[in-house]
$ cat model30.pdb   # PDB, C-alpha atoms, pLDDT in the B column
ATOM      1  CA  ALA A   1       2.602  21.737 -12.449  1.00 76.00           C
ATOM      2  CA  TYR A   2      -0.597  20.227 -13.830  1.00 72.00           C
ATOM      3  CA  GLU A   3      -2.651  22.851 -12.014  1.00 79.00           C
ATOM      4  CA  GLY A   4      -0.663  25.648 -13.661  1.00 82.00           C
ATOM      5  CA  ARG A   5       1.309  26.595 -10.561  1.00 88.00           C
ATOM      6  CA  PRO A   6       4.267  28.945 -11.051  1.00 91.00           C
ATOM      7  CA  GLU A   7       7.559  27.223 -11.826  1.00 90.00           C
ATOM      8  CA  ASP A   8       9.236  28.442  -8.633  1.00 92.00           C
ATOM      9  CA  GLU A   9       6.382  26.983  -6.548  1.00 93.00           C
ATOM     10  CA  VAL A  10       6.664  23.626  -8.314  1.00 88.00           C
ATOM     11  CA  ALA A  11      10.444  23.651  -7.846  1.00 91.00           C
ATOM     12  CA  ALA A  12      10.121  24.432  -4.126  1.00 93.00           C
ATOM     13  CA  TYR A  13       7.591  21.603  -3.758  1.00 89.00           C
ATOM     14  CA  LEU A  14       9.915  19.096  -5.477  1.00 85.00           C
ATOM     15  CA  ILE A  15      12.873  20.159  -3.369  1.00 87.00           C
ATOM     16  CA  ARG A  16      10.883  19.809  -0.167  1.00 86.00           C
ATOM     17  CA  TRP A  17       8.752  16.724  -0.805  1.00 81.00           C
ATOM     18  CA  ALA A  18      10.568  14.766  -3.523  1.00 78.00           C
ATOM     19  CA  LEU A  19      13.950  15.614  -1.973  1.00 78.00           C
ATOM     20  CA  LEU A  20      15.372  16.634  -5.336  1.00 81.00           C
ATOM     21  CA  SER A  21      18.379  18.899  -5.635  1.00 87.00           C
ATOM     22  CA  GLU A  22      18.090  22.167  -7.542  1.00 90.00           C
ATOM     23  CA  ALA A  23      19.961  20.577 -10.463  1.00 89.00           C
ATOM     24  CA  GLU A  24      17.545  17.623 -10.499  1.00 85.00           C
ATOM     25  CA  VAL A  25      14.559  19.953 -10.387  1.00 87.00           C
ATOM     26  CA  ALA A  26      15.931  21.981 -13.297  1.00 86.00           C
ATOM     27  CA  ALA A  27      16.320  18.791 -15.337  1.00 80.00           C
ATOM     28  CA  ALA A  28      12.794  17.603 -14.505  1.00 79.00           C
ATOM     29  CA  MET A  29      10.883  20.853 -15.086  1.00 81.00           C
ATOM     30  CA  GLY A  30      10.562  20.457 -18.859  1.00 74.00           C
ATOM     31  CA  ALA A  31       9.067  17.002 -18.579  1.00 73.00           C
ATOM     32  CA  LEU A  32       6.741  18.052 -15.778  1.00 75.00           C
ATOM     33  CA  ARG A  33       5.069  20.616 -18.015  1.00 71.00           C
ATOM     34  CA  ALA A  34       4.119  18.000 -20.628  1.00 69.00           C
ATOM     35  CA  PRO A  35       0.497  16.798 -20.254  1.00 68.00           C
ATOM     36  CA  ILE A  36       0.141  13.687 -18.074  1.00 69.00           C
ATOM     37  CA  MET A  37       3.921  13.293 -17.800  1.00 67.00           C
ATOM     38  CA  GLU A  38       4.394  14.861 -14.363  1.00 65.00           C
ATOM     39  CA  VAL A  39       3.385  11.798 -12.362  1.00 69.00           C
ATOM     40  CA  TYR A  40       5.153   9.390 -14.701  1.00 71.00           C
ATOM     41  CA  THR A  41       8.378  11.421 -14.732  1.00 70.00           C
ATOM     42  CA  LEU A  42       8.500  11.884 -10.990  1.00 70.00           C
ATOM     43  CA  GLY A  43       7.559   8.270 -10.236  1.00 75.00           C
ATOM     44  CA  TYR A  44      10.000   6.875 -12.760  1.00 77.00           C
ATOM     45  CA  TYR A  45      12.860   9.070 -11.576  1.00 76.00           C
ATOM     46  CA  ILE A  46      12.313   8.447  -7.865  1.00 78.00           C
ATOM     47  CA  GLY A  47      11.840   4.712  -8.490  1.00 82.00           C
ATOM     48  CA  TRP A  48      15.000   4.521 -10.576  1.00 82.00           C
ATOM     49  CA  LYS A  49      16.976   6.355  -7.895  1.00 83.00           C
ATOM     50  CA  LEU A  50      15.630   4.116  -5.129  1.00 84.00           C
ATOM     51  CA  LEU A  51      16.185   0.858  -7.028  1.00 89.00           C
ATOM     52  CA  LYS A  52      19.651   1.837  -8.233  1.00 89.00           C
ATOM     53  CA  ALA A  53      20.849   2.177  -4.639  1.00 86.00           C
ATOM     54  CA  TRP A  54      19.024  -0.962  -3.471  1.00 90.00           C
ATOM     55  CA  LEU A  55      20.396  -3.118  -6.303  1.00 92.00           C
ATOM     56  CA  ASN A  56      23.991  -1.954  -5.891  1.00 92.00           C
ATOM     57  CA  VAL A  57      24.954  -4.865  -3.611  1.00 91.00           C
ATOM     58  CA  PRO A  58      26.828  -8.180  -3.979  1.00 94.00           C
ATOM     59  CA  ASP A  59      23.573 -10.199  -3.871  1.00 92.00           C
ATOM     60  CA  ARG A  60      22.076  -8.229  -6.794  1.00 93.00           C
ATOM     61  CA  PRO A  61      20.670 -11.341  -8.614  1.00 94.00           C
ATOM     62  CA  ALA A  62      18.667 -12.292  -5.525  1.00 94.00           C
ATOM     63  CA  ARG A  63      17.301  -8.760  -5.212  1.00 93.00           C
ATOM     64  CA  VAL A  64      16.376  -8.605  -8.907  1.00 93.00           C
ATOM     65  CA  ARG A  65      14.554 -11.929  -8.546  1.00 95.00           C
ATOM     66  CA  ARG A  66      12.735 -10.556  -5.503  1.00 93.00           C
ATOM     67  CA  LEU A  67      11.840  -7.383  -7.390  1.00 91.00           C
ATOM     68  CA  LEU A  68      10.341  -9.394 -10.246  1.00 92.00           C
ATOM     69  CA  THR A  69       8.473 -11.970  -8.165  1.00 95.00           C
ATOM     70  CA  GLU A  70       7.220 -10.133  -5.066  1.00 93.00           C
ATOM     71  CA  GLN A  71       4.971  -7.167  -4.476  1.00 92.00           C
ATOM     72  CA  LEU A  72       7.358  -4.762  -2.795  1.00 88.00           C
ATOM     73  CA  LEU A  73       6.702  -1.433  -1.145  1.00 86.00           C
ATOM     74  CA  PRO A  74       9.135   1.482  -1.355  1.00 81.00           C
ATOM     75  CA  ALA A  75      10.145   0.740   2.248  1.00 84.00           C
ATOM     76  CA  ASP A  76      11.083  -2.793   1.167  1.00 87.00           C
ATOM     77  CA  VAL A  77      13.645  -1.492  -1.294  1.00 86.00           C
ATOM     78  CA  SER A  78      15.151   1.270   0.767  1.00 78.00           C
ATOM     79  CA  THR A  79      18.918   1.153   1.238  1.00 68.00           C
ATOM     80  CA  THR A  80      18.432   0.440   4.930  1.00 54.00           C
ATOM     81  CA  THR A  81      16.990  -3.063   4.297  1.00 46.00           C
TER      82      THR A  81
END

$ encode --input "model30.pdb" --output "structure tokens"
Amino acid sequence: AYEGRPEDEVAAYLIRWALLSEAEVAAAMGALRAPIMEVYTLGYYIGWKLLKAWLNVPDRPARVRRLLTEQLLPADVSTTT
């Protein structure tokens, strides 16, 4: 989006690589066109989605503590851990 790519190309990229649905892409397109917001918006949204699933467990307080005190990689907070 930053490079001025056509909207349909950006949408196809997000569907393929960010694994967003068409509805999610439609919601994100406005923010992606704002200067410097594309990386922030995508990172924030993907991070929120990943953490929401990872924190939705009975031992949530322990996971929140871990999130705040350790340097975690995305693989560390996947729903398969």

$ closest_residue --input "model30.pdb" --among "A:Leu14, A:Val25, A:Pro58, A:Gly47" --to "Leu72 (chain A)" --atoms "all atoms listed in the file"
A:Gly47

$ resolve_selection --input "model30.pdb" --expression "the PyMOL selection byres ((chain A and resi 50) around 12)" --output "list in words"
Ala18, Gly43, Tyr44, Tyr45, Ile46, Gly47, Trp48, Lys49, Leu51, Lys52, Ala53, Trp54, Leu55, Asn56, Leu73, Pro74, Ala75, Asp76, Val77, Ser78, Thr79, Thr80 and Thr81 of chain A

$ atom_distance --input "model30.pdb" --atom1 "CA of Gly4 (chain A)" --atom2 "CA of Leu20 (chain A)"
20.2 Å

$ atom_distance --input "model30.pdb" --atom1 "CA of Val64 (chain A)" --atom2 "CA of Tyr40 (chain A)"
22.0 Å

$ atom_distance --input "model30.pdb" --atom1 "CA of Val10 (chain A)" --atom2 "CA of Ala27 (chain A)"
12.9 Å

$ closest_residue --input "model30.pdb" --among "A:Ile15, A:Arg65, A:Ala1, A:Asp59" --to "Leu32 (chain A)" --atoms "all atoms listed in the file"
A:Ala1

$ axis_aligned_box --input "model30.pdb" --around "region 28-33 of chain A" --padding-each-side "8 Å" --output "lines of an AutoDock Vina configuration file"
center_x = 8.9
center_y = 18.9
center_z = -16.7
size_x = 23.7
size_y = 19.9
size_z = 20.4

$ residues_around --input "model30.pdb" --residues "Arg33 (chain A)" --least-positions-apart "3" --cutoff "12 Å" --atoms "only C-alpha atoms" --output "PyMOL selection string"
chain A and resi 1-7+10-11+26-30+36-42
